[in-house]
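Text of protein21.tsv (TSV, C-alpha atoms) as supplied:
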chain	number	residue	atom	x	y	z
W	233	MET	CA	-46.22	-48.26	-15.28
W	234	LEU	CA	-49.26	-49.60	-17.16
W	235	LYS	CA	-52.02	-47.13	-17.92
W	236	PRO	CA	-55.49	-47.85	-16.41
W	237	ARG	CA	-57.13	-48.61	-19.76
W	238	LEU	CA	-54.30	-50.98	-20.64
W	239	TYR	CA	-54.78	-52.73	-17.28
W	240	CYS	CA	-58.48	-53.23	-18.08
W	241	PHE	CA	-57.54	-54.65	-21.43
W	242	LEU	CA	-55.13	-57.13	-19.80
W	243	ILE	CA	-57.94	-58.56	-17.67
W	244	TRP	CA	-60.04	-59.00	-20.81
W	245	ALA	CA	-57.13	-60.62	-22.62
W	246	PHE	CA	-56.61	-63.25	-19.94
W	247	ALA	CA	-60.31	-64.17	-20.03
W	248	ALA	CA	-60.36	-64.37	-23.81
W	249	ASN	CA	-57.36	-66.68	-23.86
W	250	LEU	CA	-59.16	-69.32	-21.79
W	251	ALA	CA	-60.97	-70.48	-24.96
W	252	LEU	CA	-60.29	-74.10	-25.88
W	253	ALA	CA	-58.18	-74.88	-28.94
W	254	ALA	CA	-60.03	-75.83	-32.11
W	255	ASP	CA	-60.32	-79.49	-33.07
W	256	THR	CA	-58.38	-78.88	-36.27
W	257	PRO	CA	-54.98	-77.14	-36.32
W	258	PRO	CA	-55.29	-73.45	-37.16
W	259	ASP	CA	-53.96	-72.13	-40.45
W	260	PRO	CA	-50.77	-70.19	-39.60
W	261	PHE	CA	-51.36	-68.00	-42.67
W	262	ALA	CA	-54.95	-67.06	-41.77
W	263	ASN	CA	-56.05	-63.52	-40.86
W	264	PRO	CA	-52.70	-61.75	-41.08
W	265	PRO	CA	-52.47	-58.56	-39.01
W	266	SER	CA	-52.15	-55.15	-40.61
W	267	PRO	CA	-48.83	-53.32	-40.17
W	268	THR	CA	-48.71	-50.08	-38.23
W	269	PHE	CA	-46.53	-48.39	-40.83
W	270	ILE	CA	-45.48	-49.03	-44.43
W	271	GLY	CA	-42.56	-51.42	-44.74
W	272	GLN	CA	-43.01	-53.01	-41.31
W	273	THR	CA	-43.46	-56.50	-42.83
W	274	ALA	CA	-43.32	-58.51	-46.07
W	275	ALA	CA	-40.42	-56.70	-47.73
W	276	PRO	CA	-39.82	-57.59	-51.40
W	277	GLN	CA	-37.43	-60.38	-52.31
W	278	ALA	CA	-33.84	-59.35	-53.07
W	279	SER	CA	-31.86	-60.73	-56.00
W	280	GLN	CA	-30.44	-64.16	-55.27
W	281	THR	CA	-26.74	-64.40	-54.41
W	282	ASN	CA	-24.66	-67.27	-55.77
W	283	ILE	CA	-22.84	-68.86	-52.86
W	284	ARG	CA	-20.93	-72.03	-52.23
W	285	LEU	CA	-20.84	-73.87	-48.94
W	286	GLU	CA	-18.66	-76.33	-47.12
W	287	ILE	CA	-19.57	-78.55	-44.16
W	288	VAL	CA	-16.74	-77.95	-41.71
W	289	LEU	CA	-18.14	-79.80	-38.71
W	290	SER	CA	-20.85	-82.44	-38.26
W	291	GLY	CA	-22.24	-84.64	-35.50
W	292	LEU	CA	-23.27	-81.90	-33.06
W	293	GLN	CA	-26.04	-82.57	-30.55
W	294	VAL	CA	-28.41	-79.76	-29.52
W	295	SER	CA	-26.58	-77.02	-31.41
W	296	ARG	CA	-26.51	-73.78	-29.41
W	297	ALA	CA	-24.20	-70.97	-30.51
W	298	LEU	CA	-21.29	-69.74	-32.61
W	299	VAL	CA	-18.72	-67.19	-31.47
W	300	THR	CA	-16.17	-65.62	-33.79
W	301	LEU	CA	-12.76	-64.53	-32.47
W	302	PRO	CA	-10.31	-61.92	-33.82
W	303	ASP	CA	-7.99	-64.53	-35.37
W	304	ASN	CA	-10.89	-65.88	-37.53
W	305	SER	CA	-11.35	-68.98	-35.37
W	306	VAL	CA	-14.89	-69.91	-34.31
W	307	LEU	CA	-16.18	-71.43	-31.08
W	308	VAL	CA	-19.09	-73.88	-31.46
W	309	SER	CA	-21.21	-74.85	-28.45
W	310	GLU	CA	-23.63	-77.70	-27.80
W	311	GLY	CA	-26.40	-77.84	-25.22
W	312	SER	CA	-24.45	-80.25	-23.03
W	313	GLY	CA	-21.69	-77.67	-22.57
W	314	ASN	CA	-19.22	-79.10	-25.06
W	315	ILE	CA	-17.35	-76.29	-26.88
W	316	GLN	CA	-15.20	-76.98	-29.92
W	317	VAL	CA	-12.82	-74.69	-31.82
W	318	ILE	CA	-12.79	-74.38	-35.60
W	319	HIS	CA	-9.36	-72.93	-36.40
W	320	PRO	CA	-8.71	-70.73	-39.45
W	321	ASP	CA	-6.88	-73.61	-41.18
W	322	GLY	CA	-9.98	-75.82	-40.84
W	323	SER	CA	-8.65	-77.98	-38.02
W	324	ILE	CA	-10.93	-78.64	-35.05
W	325	THR	CA	-10.10	-79.12	-31.38
W	326	SER	CA	-12.48	-80.24	-28.63
W	327	PRO	CA	-13.51	-80.01	-25.89
W	328	ILE	CA	-12.42	-76.89	-24.02
W	329	GLY	CA	-11.95	-77.68	-20.33
W	330	GLY	CA	-12.55	-75.64	-17.22
W	331	MET	CA	-16.21	-74.85	-17.87
W	332	PRO	CA	-18.42	-73.10	-15.28
W	333	PRO	CA	-20.40	-75.38	-12.90
W	334	LEU	CA	-23.01	-76.68	-15.36
W	335	ARG	CA	-25.46	-79.28	-14.13
W	336	SER	CA	-24.92	-82.75	-15.58
W	337	GLY	CA	-27.24	-84.23	-18.18
W	338	GLU	CA	-28.40	-83.68	-21.74
W	339	GLY	CA	-30.48	-81.08	-23.52
W	340	ARG	CA	-30.20	-77.31	-23.34
W	341	ILE	CA	-27.96	-76.83	-20.32
W	342	LEU	CA	-25.59	-74.32	-21.93
W	343	MET	CA	-27.85	-71.68	-23.47
W	344	ASP	CA	-25.33	-69.27	-24.99
W	345	ILE	CA	-21.73	-68.16	-25.11
W	346	ALA	CA	-20.38	-64.77	-26.18
W	347	ALA	CA	-16.95	-63.20	-26.56
W	348	ASP	CA	-15.98	-60.02	-24.76
W	349	ALA	CA	-16.02	-57.00	-27.09
W	350	ASN	CA	-12.40	-56.43	-26.03
W	351	PHE	CA	-11.42	-60.09	-26.39
W	352	GLU	CA	-7.94	-59.35	-27.80
W	353	GLN	CA	-7.03	-57.74	-24.48
W	354	SER	CA	-9.21	-59.72	-22.04
W	355	ARG	CA	-9.64	-63.16	-23.69
W	356	ARG	CA	-12.92	-63.28	-21.75
W	357	ILE	CA	-15.87	-65.51	-22.72
W	358	TYR	CA	-19.36	-65.27	-21.19
W	359	PHE	CA	-21.69	-68.20	-20.49
W	360	ALA	CA	-25.44	-68.54	-19.83
W	361	TYR	CA	-26.31	-71.97	-18.39
W	362	GLU	CA	-28.09	-74.10	-15.81
W	363	ALA	CA	-26.09	-75.01	-12.73
W	364	ALA	CA	-26.73	-77.89	-10.37
W	365	ALA	CA	-29.28	-77.37	-7.62
W	366	PRO	CA	-27.83	-76.11	-4.34
W	367	ALA	CA	-27.42	-78.68	-1.57
W	368	GLY	CA	-30.77	-79.79	-0.21
W	369	GLU	CA	-32.77	-78.31	-3.11
W	370	GLU	CA	-34.22	-79.92	-6.24
W	371	GLU	CA	-34.39	-77.06	-8.76
W	372	SER	CA	-31.33	-76.22	-10.84
W	373	ILE	CA	-30.33	-72.56	-10.92
W	374	GLN	CA	-29.70	-70.41	-13.98
W	375	GLN	CA	-26.49	-68.45	-14.00
W	376	VAL	CA	-24.32	-66.17	-16.10
W	377	ALA	CA	-20.55	-66.44	-15.71
W	378	SER	CA	-17.31	-65.43	-17.38
W	379	GLY	CA	-13.97	-67.11	-17.88
W	380	ILE	CA	-10.61	-66.46	-19.54
W	381	LEU	CA	-9.79	-68.59	-22.60
W	382	SER	CA	-6.22	-69.87	-22.41
W	383	LEU	CA	-3.82	-68.86	-25.17
W	384	ASP	CA	-3.75	-72.43	-26.50
W	385	MET	CA	-7.59	-72.52	-26.46
W	386	THR	CA	-7.69	-75.72	-24.41
W	387	HIS	CA	-9.29	-74.48	-21.18
W	388	PHE	CA	-11.01	-71.65	-19.35
W	389	GLU	CA	-9.48	-70.02	-16.29
W	390	ASN	CA	-10.67	-67.66	-13.55
W	391	ILE	CA	-14.35	-68.56	-13.77
W	392	GLN	CA	-16.44	-65.79	-12.18
W	393	ILE	CA	-20.18	-66.16	-11.47
W	394	LEU	CA	-21.78	-62.85	-12.47
W	395	GLY	CA	-25.26	-63.60	-11.14
W	396	ASN	CA	-28.20	-65.97	-11.02
W	397	TYR	CA	-29.77	-64.80	-14.27
W	398	PRO	CA	-31.99	-66.91	-16.61
W	399	GLY	CA	-29.97	-65.97	-19.68
W	400	ARG	CA	-31.06	-66.81	-23.22
W	401	ARG	CA	-28.62	-64.73	-25.33
W	402	LEU	CA	-25.62	-62.59	-24.38
W	403	ALA	CA	-23.86	-59.59	-25.96
W	404	SER	CA	-20.85	-57.59	-24.75
W	405	THR	CA	-20.02	-53.94	-25.39
W	406	SER	CA	-16.64	-52.24	-25.67
W	407	ASP	CA	-17.44	-50.01	-22.65
W	408	GLY	CA	-17.69	-53.00	-20.30
W	409	LYS	CA	-21.41	-53.84	-20.31
W	410	LEU	CA	-23.10	-57.21	-20.78
W	411	TYR	CA	-26.65	-57.58	-22.11
W	412	ILE	CA	-28.68	-60.66	-21.13
W	413	THR	CA	-32.02	-61.59	-22.70
W	414	THR	CA	-34.55	-63.69	-20.82
W	415	ILE	CA	-37.66	-65.64	-21.83
W	416	GLY	CA	-41.29	-64.67	-21.19
W	417	TYR	CA	-43.45	-67.46	-22.58
W	418	LEU	CA	-47.25	-67.77	-22.51
W	419	GLU	CA	-47.45	-69.36	-19.08
W	420	GLN	CA	-45.32	-66.53	-17.65
W	421	ARG	CA	-47.50	-63.67	-18.88
W	422	PRO	CA	-48.23	-62.05	-15.49
W	423	GLU	CA	-44.49	-61.76	-14.77
W	424	VAL	CA	-43.34	-60.16	-18.03
W	425	MET	CA	-44.60	-56.64	-17.37
W	426	GLY	CA	-43.63	-56.63	-13.71
W	427	LEU	CA	-40.36	-55.04	-12.67
W	428	THR	CA	-39.71	-57.42	-9.76
W	429	THR	CA	-38.82	-60.41	-11.98
W	430	PHE	CA	-36.29	-61.14	-14.71
W	431	THR	CA	-38.96	-62.77	-16.92
W	432	GLY	CA	-39.28	-61.41	-20.47
W	433	LYS	CA	-36.65	-58.72	-20.07
W	434	VAL	CA	-33.38	-57.41	-21.36
W	435	LEU	CA	-30.93	-57.15	-18.47
W	436	ARG	CA	-27.77	-55.05	-18.43
W	437	ILE	CA	-24.88	-55.51	-16.03
W	438	ASN	CA	-21.23	-54.57	-15.92
W	439	THR	CA	-18.88	-57.34	-16.97
W	440	ASP	CA	-17.70	-57.70	-13.37
W	441	GLY	CA	-21.29	-58.41	-12.26
W	442	SER	CA	-22.07	-54.98	-10.80
W	443	ILE	CA	-24.96	-52.75	-11.93
W	444	PRO	CA	-24.29	-49.89	-14.39
W	445	HIS	CA	-24.94	-46.47	-12.85
W	446	ASP	CA	-27.08	-45.41	-15.83
W	447	ASN	CA	-29.49	-48.37	-15.92
W	448	PRO	CA	-33.02	-46.96	-16.35
W	449	TYR	CA	-34.57	-48.41	-13.16
W	450	LEU	CA	-31.60	-48.10	-10.82
W	451	GLY	CA	-32.57	-46.57	-7.48
W	452	LEU	CA	-36.29	-47.33	-7.66
W	453	THR	CA	-37.84	-49.42	-4.88
W	454	ASN	CA	-39.19	-52.92	-5.55
W	455	VAL	CA	-37.52	-53.00	-8.99
W	456	ARG	CA	-34.74	-55.22	-10.27
W	457	PRO	CA	-31.93	-52.75	-11.05
W	458	GLU	CA	-30.54	-55.00	-13.81
W	459	ILE	CA	-33.63	-54.43	-16.00
W	460	TYR	CA	-32.91	-52.48	-19.18
W	461	ALA	CA	-36.11	-53.08	-21.21
W	462	THR	CA	-39.37	-54.98	-20.75
W	463	GLY	CA	-42.13	-56.73	-22.70
W	464	HIS	CA	-40.17	-59.44	-24.53
W	465	ARG	CA	-41.15	-63.01	-25.33
W	466	ASP	CA	-37.95	-64.76	-26.47
W	467	GLN	CA	-35.06	-62.85	-28.02
W	468	ASP	CA	-32.99	-65.60	-29.63
W	469	GLY	CA	-30.43	-63.40	-31.36
W	470	ILE	CA	-28.79	-60.14	-30.31
W	471	ILE	CA	-25.96	-57.95	-31.58
W	472	ILE	CA	-24.34	-54.65	-30.72
W	473	HIS	CA	-24.67	-52.45	-33.80
W	474	PRO	CA	-21.11	-51.61	-34.94
W	475	GLU	CA	-21.96	-47.98	-35.79
W	476	THR	CA	-24.49	-46.94	-33.14
W	477	SER	CA	-23.45	-49.31	-30.30
W	478	GLU	CA	-27.17	-49.97	-29.68
W	479	LEU	CA	-28.59	-53.41	-28.95
W	480	TRP	CA	-30.51	-55.03	-31.83
W	481	SER	CA	-32.53	-58.22	-31.34
W	482	ILE	CA	-34.72	-60.72	-33.10
W	483	GLU	CA	-37.60	-62.19	-31.12
W	484	HIS	CA	-39.89	-65.21	-31.35
W	485	GLY	CA	-43.57	-64.32	-31.44
W	486	PRO	CA	-46.22	-66.95	-30.68
W	487	MET	CA	-47.98	-68.13	-33.89
W	488	GLY	CA	-46.64	-65.34	-36.07
W	489	GLY	CA	-45.46	-61.94	-34.94
W	490	ASP	CA	-41.70	-62.60	-34.84
W	491	GLU	CA	-39.89	-59.28	-34.48
W	492	LEU	CA	-36.77	-57.26	-35.25
W	493	ASN	CA	-36.15	-54.56	-32.63
W	494	VAL	CA	-33.71	-51.92	-31.52
W	495	VAL	CA	-33.72	-52.27	-27.74
W	496	ARG	CA	-33.47	-48.95	-25.93
W	497	PRO	CA	-33.34	-48.23	-22.18
W	498	GLY	CA	-36.59	-48.18	-20.24
W	499	LEU	CA	-38.83	-49.00	-23.20
W	500	ASN	CA	-41.74	-51.46	-23.15
W	501	TYR	CA	-41.96	-53.73	-26.21
W	502	GLY	CA	-45.47	-54.95	-25.47
W	503	TRP	CA	-45.43	-58.70	-24.97
W	504	PRO	CA	-47.66	-60.45	-24.00
W	505	TYR	CA	-50.55	-58.07	-24.60
W	506	ILE	CA	-49.43	-56.21	-27.72
W	507	THR	CA	-48.33	-58.52	-30.55
W	508	TYR	CA	-48.63	-59.26	-34.25
W	509	GLY	CA	-48.98	-62.97	-33.43
W	510	LYS	CA	-51.84	-65.19	-32.31
W	511	ASN	CA	-52.39	-67.93	-29.75
W	512	TYR	CA	-51.54	-71.42	-30.95
W	513	ASP	CA	-55.25	-72.25	-31.19
W	514	GLY	CA	-55.66	-69.41	-33.70
W	515	THR	CA	-57.43	-67.00	-31.34
W	516	GLU	CA	-56.41	-63.38	-30.97
W	517	ILE	CA	-54.06	-62.33	-28.18
W	518	GLY	CA	-54.58	-58.61	-28.33
W	519	PRO	CA	-54.09	-55.47	-30.40
W	520	THR	CA	-50.97	-54.72	-32.41
W	521	GLU	CA	-50.36	-51.26	-30.97
W	522	TRP	CA	-50.99	-49.26	-27.83
W	523	ASP	CA	-49.95	-45.87	-26.51
W	524	GLY	CA	-46.56	-45.99	-24.84
W	525	VAL	CA	-45.60	-49.37	-26.31
W	526	THR	CA	-42.68	-49.57	-28.75
W	527	GLN	CA	-43.34	-50.95	-32.23
W	528	PRO	CA	-40.96	-53.49	-33.81
W	529	LEU	CA	-38.89	-52.24	-36.73
W	530	TYR	CA	-40.12	-55.27	-38.68
W	531	TYR	CA	-42.20	-58.39	-38.10
W	532	TRP	CA	-42.95	-61.70	-39.81
W	533	PHE	CA	-46.32	-63.37	-40.26
W	534	PRO	CA	-46.51	-66.39	-40.34
W	535	SER	CA	-43.74	-67.45	-38.01
W	536	LEU	CA	-40.12	-67.42	-39.00
W	537	ALA	CA	-38.94	-68.66	-35.58
W	538	PRO	CA	-35.80	-66.52	-35.76
W	539	SER	CA	-32.60	-67.72	-34.12
W	540	GLY	CA	-29.19	-66.13	-34.44
W	541	LEU	CA	-28.43	-62.61	-35.65
W	542	ALA	CA	-25.36	-61.11	-37.32
W	543	MET	CA	-24.55	-57.94	-39.23
W	544	VAL	CA	-22.28	-58.20	-42.29
W	545	GLN	CA	-19.41	-55.75	-41.95
W	546	GLN	CA	-16.95	-57.00	-44.58
W	547	ASP	CA	-17.19	-56.85	-48.39
W	548	LEU	CA	-16.40	-60.48	-49.21
W	549	PHE	CA	-19.97	-60.96	-50.44
W	550	PRO	CA	-20.72	-58.18	-52.95
W	551	GLY	CA	-23.62	-56.00	-51.84
W	552	TRP	CA	-23.95	-57.59	-48.42
W	553	GLN	CA	-22.30	-54.92	-46.26
W	554	GLY	CA	-24.77	-53.61	-43.69
W	555	SER	CA	-27.17	-56.53	-44.16
W	556	LEU	CA	-28.53	-58.49	-41.22
W	557	LEU	CA	-28.40	-62.29	-41.26
W	558	VAL	CA	-31.16	-64.18	-39.41
W	559	GLY	CA	-31.64	-67.92	-38.96
W	560	SER	CA	-35.07	-69.52	-39.46
W	561	LEU	CA	-36.21	-72.57	-37.50
W	562	SER	CA	-39.80	-72.73	-38.75
W	563	ALA	CA	-41.40	-74.40	-41.77
W	564	PRO	CA	-44.05	-71.76	-42.71
W	565	GLN	CA	-41.44	-69.23	-43.86
W	566	GLY	CA	-39.01	-71.96	-44.92
W	567	ARG	CA	-36.15	-73.26	-42.80
W	568	CYS	CA	-33.26	-71.22	-44.15
W	569	LEU	CA	-30.88	-68.30	-43.66
W	570	ILE	CA	-32.43	-64.90	-44.33
W	571	ARG	CA	-30.53	-61.80	-45.38
W	572	LEU	CA	-32.26	-58.52	-44.54
W	573	VAL	CA	-31.22	-55.63	-46.76
W	574	MET	CA	-31.22	-52.55	-44.55
W	575	ASP	CA	-31.59	-48.81	-45.06
W	576	GLY	CA	-30.86	-47.41	-41.61
W	577	GLU	CA	-33.54	-48.97	-39.40
W	578	ARG	CA	-35.74	-50.02	-42.34
W	579	VAL	CA	-35.84	-53.49	-43.89
W	580	ILE	CA	-36.10	-52.89	-47.64
W	581	ALA	CA	-35.68	-56.45	-48.96
W	582	GLU	CA	-35.29	-60.09	-47.88
W	583	GLU	CA	-33.14	-62.77	-49.49
W	584	HIS	CA	-33.77	-66.39	-48.48
W	585	LEU	CA	-30.63	-68.55	-48.66
W	586	LEU	CA	-30.00	-72.30	-48.18
W	587	VAL	CA	-33.68	-72.94	-48.86
W	588	ASP	CA	-33.04	-76.25	-50.62
W	589	LEU	CA	-31.28	-77.60	-47.53
W	590	ASP	CA	-34.52	-77.23	-45.52
W	591	ARG	CA	-32.56	-77.21	-42.24
W	592	ARG	CA	-33.17	-75.34	-39.00
W	593	VAL	CA	-30.63	-72.53	-38.72
W	594	ARG	CA	-29.71	-71.98	-35.07
W	595	ASP	CA	-26.98	-69.32	-35.31
W	596	VAL	CA	-24.85	-67.33	-37.75
W	597	VAL	CA	-21.63	-65.28	-37.46
W	598	GLU	CA	-19.22	-63.37	-39.70
W	599	THR	CA	-15.49	-63.73	-39.09
W	600	PRO	CA	-13.13	-60.75	-39.48
W	601	ASP	CA	-12.04	-62.03	-42.90
W	602	GLY	CA	-15.66	-61.94	-44.11
W	603	SER	CA	-16.46	-65.66	-44.06
W	604	ILE	CA	-19.98	-66.57	-42.91
W	605	TYR	CA	-20.47	-69.55	-40.59
W	606	VAL	CA	-23.93	-71.04	-40.13
W	607	LEU	CA	-24.93	-73.43	-37.32
W	608	LEU	CA	-27.58	-76.01	-38.22
W	609	ASP	CA	-29.70	-77.63	-35.52
W	610	SER	CA	-29.63	-81.31	-34.71
W	611	GLU	CA	-33.01	-82.97	-35.22
W	612	ASN	CA	-34.31	-86.37	-34.09
W	613	ASN	CA	-37.91	-86.58	-35.33
W	614	ALA	CA	-38.09	-89.92	-37.14
W	615	ASP	CA	-41.88	-89.72	-37.54
W	616	ALA	CA	-41.50	-86.54	-39.57
W	617	GLY	CA	-38.53	-87.89	-41.49
W	618	ARG	CA	-36.25	-85.27	-39.96
W	619	VAL	CA	-33.20	-86.88	-38.38
W	620	PHE	CA	-30.10	-84.71	-38.82
W	621	PRO	CA	-26.88	-84.11	-36.91
W	622	GLY	CA	-26.01	-80.56	-35.96
W	623	GLU	CA	-23.56	-79.09	-38.46
W	624	VAL	CA	-21.48	-76.00	-39.12
W	625	LEU	CA	-21.42	-74.63	-42.67
W	626	LYS	CA	-18.91	-72.14	-44.06
W	627	LEU	CA	-20.34	-69.87	-46.77
W	628	MET	CA	-18.23	-68.26	-49.46
W	629	PRO	CA	-19.05	-66.28	-52.60
W	630	HIS	CA	-19.42	-68.49	-55.68
Do you think you could lay out the structure here as structure tokens?
Amino acid sequence: MLKPRLYCFLIWAFAANLALAADTPPDPFANPPSPTFIGQTAAPQASQTNIRLEIVLSGLQVSRALVTLPDNSVLVSEGSGNIQVIHPDGSITSPIGGMPPLRSGEGRILMDIAADANFEQSRRIYFAYEAAAPAGEEESIQQVASGILSLDMTHFENIQILGNYPGRRLASTSDGKLYITTIGYLEQRPEVMGLTTFTGKVLRINTDGSIPHDNPYLGLTNVRPEIYATGHRDQDGIIIHPETSELWSIEHGPMGGDELNVVRPGLNYGWPYITYGKNYDGTEIGPTEWDGVTQPLYYWFPSLAPSGLAMVQQDLFPGWQGSLLVGSLSAPQGRCLIRLVMDGERVIAEEHLLVDLDRRVRDVVETPDGSIYVLLDSENNADAGRVFPGEVLKLMPH
């Protein structure tokens, strides 16, 4: 529940945000916020790693997600719902049939795919997508489903709709839970803090679609029992930490204020009233801290626009074990792949990779043999001179 003084502040914040945008674009570097604790932002640059890269797949449209499987193969998804397989020998097969009931069309229809944490036994894949509108209605519906990938990787079987959830990113745990992140953009501010909507939340369900008995809000009246954590804007990359089994996420702020978080049950992460970012007209949104609101482990200002998150577990790249890999979509920080050098829950250094490519990095995964695969966005902005196909890169030590 929000405290009375926070509620008063929210009313003030809504009024303040009615100001008109300035005639000239705001400087995204102007008036940076102050961190709440030392090391919360602007970590020093790490030594540069020599890497080599190979383009293994090109021509993707609306790149969405990568999924690594135990045999070192990688699934690559596009927004239309097309999923291709990059096999360990470099061969590629496409498309996989038997998809859930996606609506027809182009754009971001398939939001994410994820492999079951026990894939070797279950062969289960999870999907977040838009389905066609029910008969007699106009609005499409957002769903999360699962399916079994055939042994020959040509089709999905036994599709099961798990719920009508507006999923952004998905992550599975070895004890049979599925995390679902949802979006809480500016125009949805009133809904993010409420517990009757899925907006701006982390949801947690069992992989059969039922509700876990230990969800933090289960049993309360007028509350969605799937809610696990609140106060999120757009978590575009999530992982299950291999040592702690906790959910880690990266999150888009508005203009600045992108975050790295450990998501824990029942906690409030502050959006849209507590943030290190600003409105897109350069005006302030609110304070950077408040009693009872969880601070990010780390934040970026100006915007990184983070997308995709992986933790390096193998030792193929010397010194990389335990590092986090984060994709960047935004120009102010440089469109690139960022390696975060970690000490427990502290970011102690950043290394920016693939900077010279100047491409939007949508997702990143590590295969069991230690190879790193990076998914580059497709772009079609001729006016800005940025017309690129979506591509998959394989990174190896030099």
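Shortest separation to Val597 of chain W among W:Thr476, W:Thr413, W:Gln353, W:Asn304 occurs at residue W:Asn304, atoms counted being only C-alpha atoms.
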**Message:** Rounded to one decimal, what separation in Å do you get between atom CA of Leu301 of chain W and atom CA of Ser323 of chain W?
**Reply:**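 Answer for the atom CA of Leu301 of chain W to atom CA of Ser323 of chain W separation: 15.1 Å.
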**Prompt:** What gap, in Å, lies between atom CA of Asn350 of chain W and atom CA of Pro497 of chain W?
**Reply:**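 Interatomic distance, atom CA of Asn350 of chain W to atom CA of Pro497 of chain W: 22.8 Å.
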**Item:** Option closest in space to Glu583 of chain W, from W:Leu608, W:Met487, W:Leu557, W:Leu452 [counting all atoms listed in the file]
**Value:** W:Leu557
**Shell of 8 Å around segment 429-441 of chain W, all atoms listed in the file, local chain residues under 2 positions omitted, as a PyMOL selection string** = chain W and resi 393-395+397-398+408-417+420+423-427+443-444+447+456+458-466
**Message:** What's around Arg340 of chain W at 7 Å? Count all atoms listed in the file, leave out sequence neighbours fewer than 3 positions away in its own chain, and write the answer as a VMD selection string.
**Reply:** chain W and resid 294 311 to 312 343
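What separates atom CA of Gly339 of chain W from atom CA of Tyr361 of chain W is a distance of 11.3 Å.
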**Message:** Which residue is closest to Pro258 of chain W? Choose from W:Gly488, W:Pro332, W:Pro600, W:Gly622 and count only C-alpha atoms.
**Reply:**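 Closest residue, counting only C-alpha atoms: W:Gly488.
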Is there a way to complete segment 524-536 of chain W with N, CA and C atoms and then write that out as a PDB file, keeping the file's coordinate frame?
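Result saved to selection_39.pdb:
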ATOM      1  N   GLY W 524     -47.666 -45.759 -25.760  1.00  0.00           N
ATOM      2  CA  GLY W 524     -46.560 -45.990 -24.840  1.00  0.00           C
ATOM      3  C   GLY W 524     -45.820 -47.286 -25.043  1.00  0.00           C
ATOM      4  N   VAL W 525     -46.259 -48.098 -26.033  1.00  0.00           N
ATOM      5  CA  VAL W 525     -45.600 -49.370 -26.310  1.00  0.00           C
ATOM      6  C   VAL W 525     -44.821 -49.253 -27.613  1.00  0.00           C
ATOM      7  N   THR W 526     -43.575 -49.730 -27.613  1.00  0.00           N
ATOM      8  CA  THR W 526     -42.680 -49.570 -28.750  1.00  0.00           C
ATOM      9  C   THR W 526     -42.998 -50.581 -29.855  1.00  0.00           C
ATOM     10  N   GLN W 527     -43.100 -50.100 -31.083  1.00  0.00           N
ATOM     11  CA  GLN W 527     -43.340 -50.950 -32.230  1.00  0.00           C
ATOM     12  C   GLN W 527     -42.048 -51.631 -32.696  1.00  0.00           C
ATOM     13  N   PRO W 528     -42.147 -52.880 -33.197  1.00  0.00           N
ATOM     14  CA  PRO W 528     -40.960 -53.490 -33.810  1.00  0.00           C
ATOM     15  C   PRO W 528     -40.599 -52.775 -35.112  1.00  0.00           C
ATOM     16  N   LEU W 529     -39.312 -52.782 -35.445  1.00  0.00           N
ATOM     17  CA  LEU W 529     -38.890 -52.240 -36.730  1.00  0.00           C
ATOM     18  C   LEU W 529     -39.505 -53.043 -37.878  1.00  0.00           C
ATOM     19  N   TYR W 530     -39.686 -54.359 -37.621  1.00  0.00           N
ATOM     20  CA  TYR W 530     -40.120 -55.270 -38.680  1.00  0.00           C
ATOM     21  C   TYR W 530     -40.690 -56.495 -37.989  1.00  0.00           C
ATOM     22  N   TYR W 531     -41.674 -57.140 -38.645  1.00  0.00           N
ATOM     23  CA  TYR W 531     -42.200 -58.390 -38.100  1.00  0.00           C
ATOM     24  C   TYR W 531     -42.504 -59.359 -39.233  1.00  0.00           C
ATOM     25  N   TRP W 532     -42.617 -60.641 -38.851  1.00  0.00           N
ATOM     26  CA  TRP W 532     -42.950 -61.700 -39.810  1.00  0.00           C
ATOM     27  C   TRP W 532     -44.271 -62.347 -39.429  1.00  0.00           C
ATOM     28  N   PHE W 533     -45.104 -62.587 -40.417  1.00  0.00           N
ATOM     29  CA  PHE W 533     -46.320 -63.370 -40.260  1.00  0.00           C
ATOM     30  C   PHE W 533     -46.530 -64.139 -41.566  1.00  0.00           C
ATOM     31  N   PRO W 534     -46.575 -65.498 -41.521  1.00  0.00           N
ATOM     32  CA  PRO W 534     -46.510 -66.390 -40.340  1.00  0.00           C
ATOM     33  C   PRO W 534     -45.114 -66.461 -39.738  1.00  0.00           C
ATOM     34  N   SER W 535     -44.957 -67.401 -38.805  1.00  0.00           N
ATOM     35  CA  SER W 535     -43.740 -67.450 -38.010  1.00  0.00           C
ATOM     36  C   SER W 535     -42.521 -67.802 -38.845  1.00  0.00           C
ATOM     37  N   LEU W 536     -41.451 -67.105 -38.510  1.00  0.00           N
ATOM     38  CA  LEU W 536     -40.120 -67.420 -39.000  1.00  0.00           C
ATOM     39  C   LEU W 536     -39.378 -68.270 -37.979  1.00  0.00           C
TER      40      LEU W 536
END
